[in-house]
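*Asks:* Okay, here's the structure, questions in a sec.
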Amino acid sequence: MKGSFDVLIVGIGGQGTILASNILGGACLIEGRHVKGAETHGMAQRGGSVESHIRIDGQYGPLIAPGTAEVIIAFDMLEALRYSYYLEKDGIIVVNRQLVVPTSVYMQGLPVPVIEEVRQRLAAQRICMIDADRLAVEAGSLLTQNIVMLGAASHFLPLKPESIAGAVSRLVPQKTLEINRKAFELGRKAGEQCNNPMQP
Amino acid sequence: MERRYLLGNEAIAHACLETPVDFISGYPGTPSSEVIDELRARPDRRYYIEWSVNEKVALENALAAAWCGLRALCTMKHVGLNVAADPLMTSAYTGVTGGLVIMSADDPFAHSSQNEQDSRIYAKFAKIPCFDPSGIQEAHDMLGAAFRFSEDVGLPVIFRPTTRVCHSKGDVDLGDIRIPERTGEFHRDPRQYVVIPAHTRILHKKLNAKQERIREKLVQLGFNYAEIRGKDAVIASGIGASYVRELLPETTSFAKIGAYPIDEEWLKSFVRQHERVLVIEELAPFVEEEVRQVAGVIPVFGKKSGHAPLEGELSPDVVAGIMKSAGFTATQVFPGPSPVSDVPMRPPILCAGCMHRATFYAIKKVFRDGIFPSDIGCYTLGLQLGVVDTTICMGASITVASGIYHAGEKRDIVCTIGDSTFLHTGFQGLLNAVYNKATITVVILDNRTTAMTGHQPNPGSGFDACGFPTPPVSFEAICRACGVSFVETIDPHNLNVMLQAFRDAKERPGVKVIIARHPCVINARRAGILGNRYVVDEDLCTGCFSCIRFGCPAIEKSGEKALITGSCSGCSVCAQICPAGAIVHGGKK
C-alpha cells in the first residue's frame, strides 16, 4: 500500500493553487504528520494549466500516480476534466463551478467548452460542485475562492477542519485574515451538501 | 531544531544559513531561482549576495571568494552551467580554499528548459565531486556536507538537485542558523591561481592525484550505501531513489547513489553479489554506465537495455513500469488510466496587459513577411502569436538574426530579446552584428525585470538583489557604444508611435535597435499603478473580432460580440486596435 492520502489541486496559473497546497502542508505539520508535495513553477504559472500534488502522510516521492488520488480539488471545470484521470475509483472531485475558456480556443476557433458539457463528461466520477466564486465574493474578495474550495474539500480530507483553518490563519496575509476565515467557513458549509463525509 | 513545510529550494536556502555560507551569487533560472530569492529577502543576512549578470560572471565571482577562504554558493539552472563551463573546467585545477558549491539544477522533462542535459556529466568532465539529492530533507542535509567536502578535498563541487527536488515540498527538519564569521583574504600564489602552461600541467597532475581519495571518502561519508536483501538489486540515484523506495519489495537489494564519482570497488562488490541489476535514474545513463563497467556477466537493466526511457522524468508509475518490463517485482501496481482526450489545451500565455503582446502585434503588422529570431523569457510565448521563429539559448536572438542575414536571406529579419537576456549574453551579439555589418532590426523588450523566473532585478532595474538602489544601465548608451546609429525607445502601449518606429527601422540598412519599454504588468499590479479597465460598448461592437486575434486573455467572445473580463489591466492596446471604436474606458475596477 502507498501509505499516503493523495490530493491533487488543479487550476489556472494565478488562481492560488500554491497557497492552497501550502495550507494543506501546514495543516499536516499542525497535526505532526509527514507530507510531500510537488508543484508547477516557472513559465506555466503565466495563465497555464497548473497542478499541485499533496501526499498527506507521504514519506517517499512527491508525485501522485494517475488513478490514485483520493481527492482532486479543481478551481476550474475544464481543469477538473483534464486531470480527472488522476482520481482513484472511489475518489471525489471538489470543483469550482466556473470555467475560464483558454484564449487559444478563441484564437484557433475551436469549439468553446461549456460547464454543462464538462459536467456530463465527468458524470462517471463522484463530483462536488461549489459556487466558490460567489461564496468568495460573499466572504469579501473573489481572491479567496481557493480558501472557499479548501473549506468545501475539508469534508473529504483526513485532516481536522481546525488544523486546516489554523494553517489558513498562519499563511494568509494578516490584513485579509477575517475574509479568509469567512471564506473557509462558507466553503465548509457549501461542501456539506455533498454530504458524504469521509469515513474515518 | 525546527520542522517546517518548505519548498525544496527554501530548504536548500535554509541549509546555507546553517552552514553558514558567506558569499552567494547566481543567475535566475527555473528550477534554481528561489534559493537566492529566499536568501536575498532575509533582513538578518550577514553574507554577501548578488544576482550576477550571467552564470560565468556568477561563478568567477564565487570562485574568487572561495580563493579568499570564504564559503561560496553559486546557483544556476543546468543550461547556465554551459555558460559557466569555462571557469568551471579550470577551477578544478586551481582548486579552492573556502568551500565552493555550484548548484546546477537539472530539469528532467524540460518543464521550463530548452534541453534535458545532465550536470553530473559536467562534474565528471571537470573531475570534481557531484552531490545528487533524492529529496528535500537530503538536499538540505547534503548542502552542508558538500561545503565541508569541498574544503576537505580543496575542489569546487557540483550540487545538482532536479525539478522534483527544487520544486517539491515536504516537512523538513531544519538546524539552527549560524552567523558567518569568516573574512575573505587573498593569499598570493601564482602557481595556484595563474594557469599558464607551466603551472597548469602541474595542477592537472595534482587534480588527478585527488581522485582516488575522493571516491573512498564519499563511500565513508555514506552518501553511497547499499543493503543486500536478495538476488535482484535496484541501484537508484536522485529523485528516482525515492520512487524506488516506495515500490521496492523487502527481498530486493537496494543501492542508493547520492554522490559521484562512485567508488568502483565498492560498486563492483555490491553488483557482483547479485544475479540481475536494474538501474533507475533520470536523464543520462550515468550510473548505469559505471555499473556496466563493473558488472562482468551480470545482466544490467536500464536505459541502455531499452527498459527505461532515455528522455523525460520518472514518476512512481513510470518506475513501476520499468521494474515490470525488466522482470523485477514492485509492491504496487498502478491502474494507469490514460489522460482525458479532447480537452482544449491551456498553455501558458502572456498576461493581460503584457507589453510583449503589443510589441509582437506591431512587429507582425509592419514586418508581415519577416523572419523572427527570439530568445529566452516570457516573450518566448510570442510563439503563439507567430512572431517567434527561433530560440536556442540565452542571448542567441541577435546572433541568429545576423547569421540568417549573412546566409543571404532577403526578407526583413527582426529579432526580439528581453532586458535581462540582453545583459546576460545578448549585447556581444549586437556588437558583432554591427562590426560585421548585418542588416537586422533588434527589438529589446525592456520590462525592467527578469520576469519569467520570478521578477528578479537586473542591472537595468535600478536596484540590486537586496533592493538597494544602483545606477540603472542605459540600454540606449550600450547600443550606441556598440556603434548602432538608429536607437529608438518607445512605449509599446502607444501603438501608433511604435508602428511608426518599426516602419522607420524597416526603411534603413544596418543594425537598428528599438527599445520597447514598459514595466512588467505583474510588477505594475503589485505597485498599484495599473490603468483603469476597458469594456466593450455592445452597441458599437461589430463582431469583427480583431481584438480576439490580438490574443489577450482578458478578451472573450460572448455570442457575436466581444467581452472584456475583469482580468483587464487597462493597457488600452485593444481599444487602439478596434476599428469600430467599440472598446472604451470602463471606469475604475
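Lettering and numbering for the C-alpha cells are positional, with chains as A, B, ... in the shown order, residues counted from 1 in each chain, and ligands counted from 1 in the shown order.
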Would you give me, as a ChimeraX atom specification, the residues in region 193-228 of chain B that DSSP reads as alpha helix (DSSP H)?

*Replies:* /B:193,197-221

*Asks:* Quick one: which residues from chain B are at most 8 Å off chain A, using only C-alpha atoms, as JSON, numbers by chain?

*Replies:* {"B": [3, 4, 5, 30, 31, 112, 135, 164, 167, 168, 169, 170, 171, 239, 242, 243, 245, 246, 315, 316, 317, 331, 332, 334, 335, 336, 337, 338, 339, 340, 343, 344, 345, 346, 347, 348, 349, 350, 351, 378, 452, 453, 454, 548, 549, 551, 552, 553, 555, 556, 557]}

*Asks:* Apply DSSP to the structure's backbone, then extract all residues of region 188-231 of chain B labelled strand (DSSP E or B) and return them as a VMD selection string.

*Replies:* chain B and resid 224 to 227

*Asks:* Hey, what's within 8 Å of Pro28 (chain B) if we count only C-alpha atoms and toss same-chain stuff fewer than 2 positions away? As number ranges by chain, please?

*Replies:* B: 26, 30, 32-33, 51, 75-77, 453, 456

*Asks:* Using only C-alpha atoms, which of B:Gly240, B:Phe131, B:Phe502, B:Arg191 sits nearest Leu221 (chain B)?

*Replies:*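 Smallest distance to Leu221 (chain B) is found for B:Phe131.
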
*Asks:* Let me make sure I understand: among A:Leu8, A:Ile115, A:Ala123, A:Ile130, which one has the smallest atom-to-atom distance to Val71 (chain A) if we use only C-alpha atoms?

*Replies:*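 Checking each candidate against Val71 (chain A), we get A:Leu8 as the closest.
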
*Asks:* Need the shell around Leu495 (chain B): protein/DNA/RNA residues with any atom at most 8 Å away, counting only C-alpha atoms. Skip same-chain ones fewer than 3 positions apart. Format as an MDAnalysis selection string?

*Replies:* chainID B and resid 358 362 492 498:499 573 576

*Asks:* Please write the residues from the selection above to a file, keeping C-alpha atoms, as a PDB file, in the first residue's frame.

*Replies:*
```pdb
ATOM      1  CA  ALA B 358       1.572  44.787 -28.052  1.00  0.00           C
ATOM      2  CA  ALA B 362       3.273  45.819 -34.114  1.00  0.00           C
ATOM      3  CA  PRO B 492       4.580  49.643 -26.681  1.00  0.00           C
ATOM      4  CA  MET B 498       5.536  52.063 -32.031  1.00  0.00           C
ATOM      5  CA  LEU B 499       4.276  51.253 -35.533  1.00  0.00           C
ATOM      6  CA  VAL B 573      -3.984  48.493 -26.778  1.00  0.00           C
ATOM      7  CA  GLN B 576      -6.366  51.296 -30.199  1.00  0.00           C
TER       8      GLN B 576
END
```

*Asks:* Fewer than 3 positions away in the same chain doesn't count, so skip those; otherwise give me all residues within 8 Å of Ile102 (chain B), counting only C-alpha atoms, as a ChimeraX atom specification.

*Replies:* /B:59,73-76,156-159
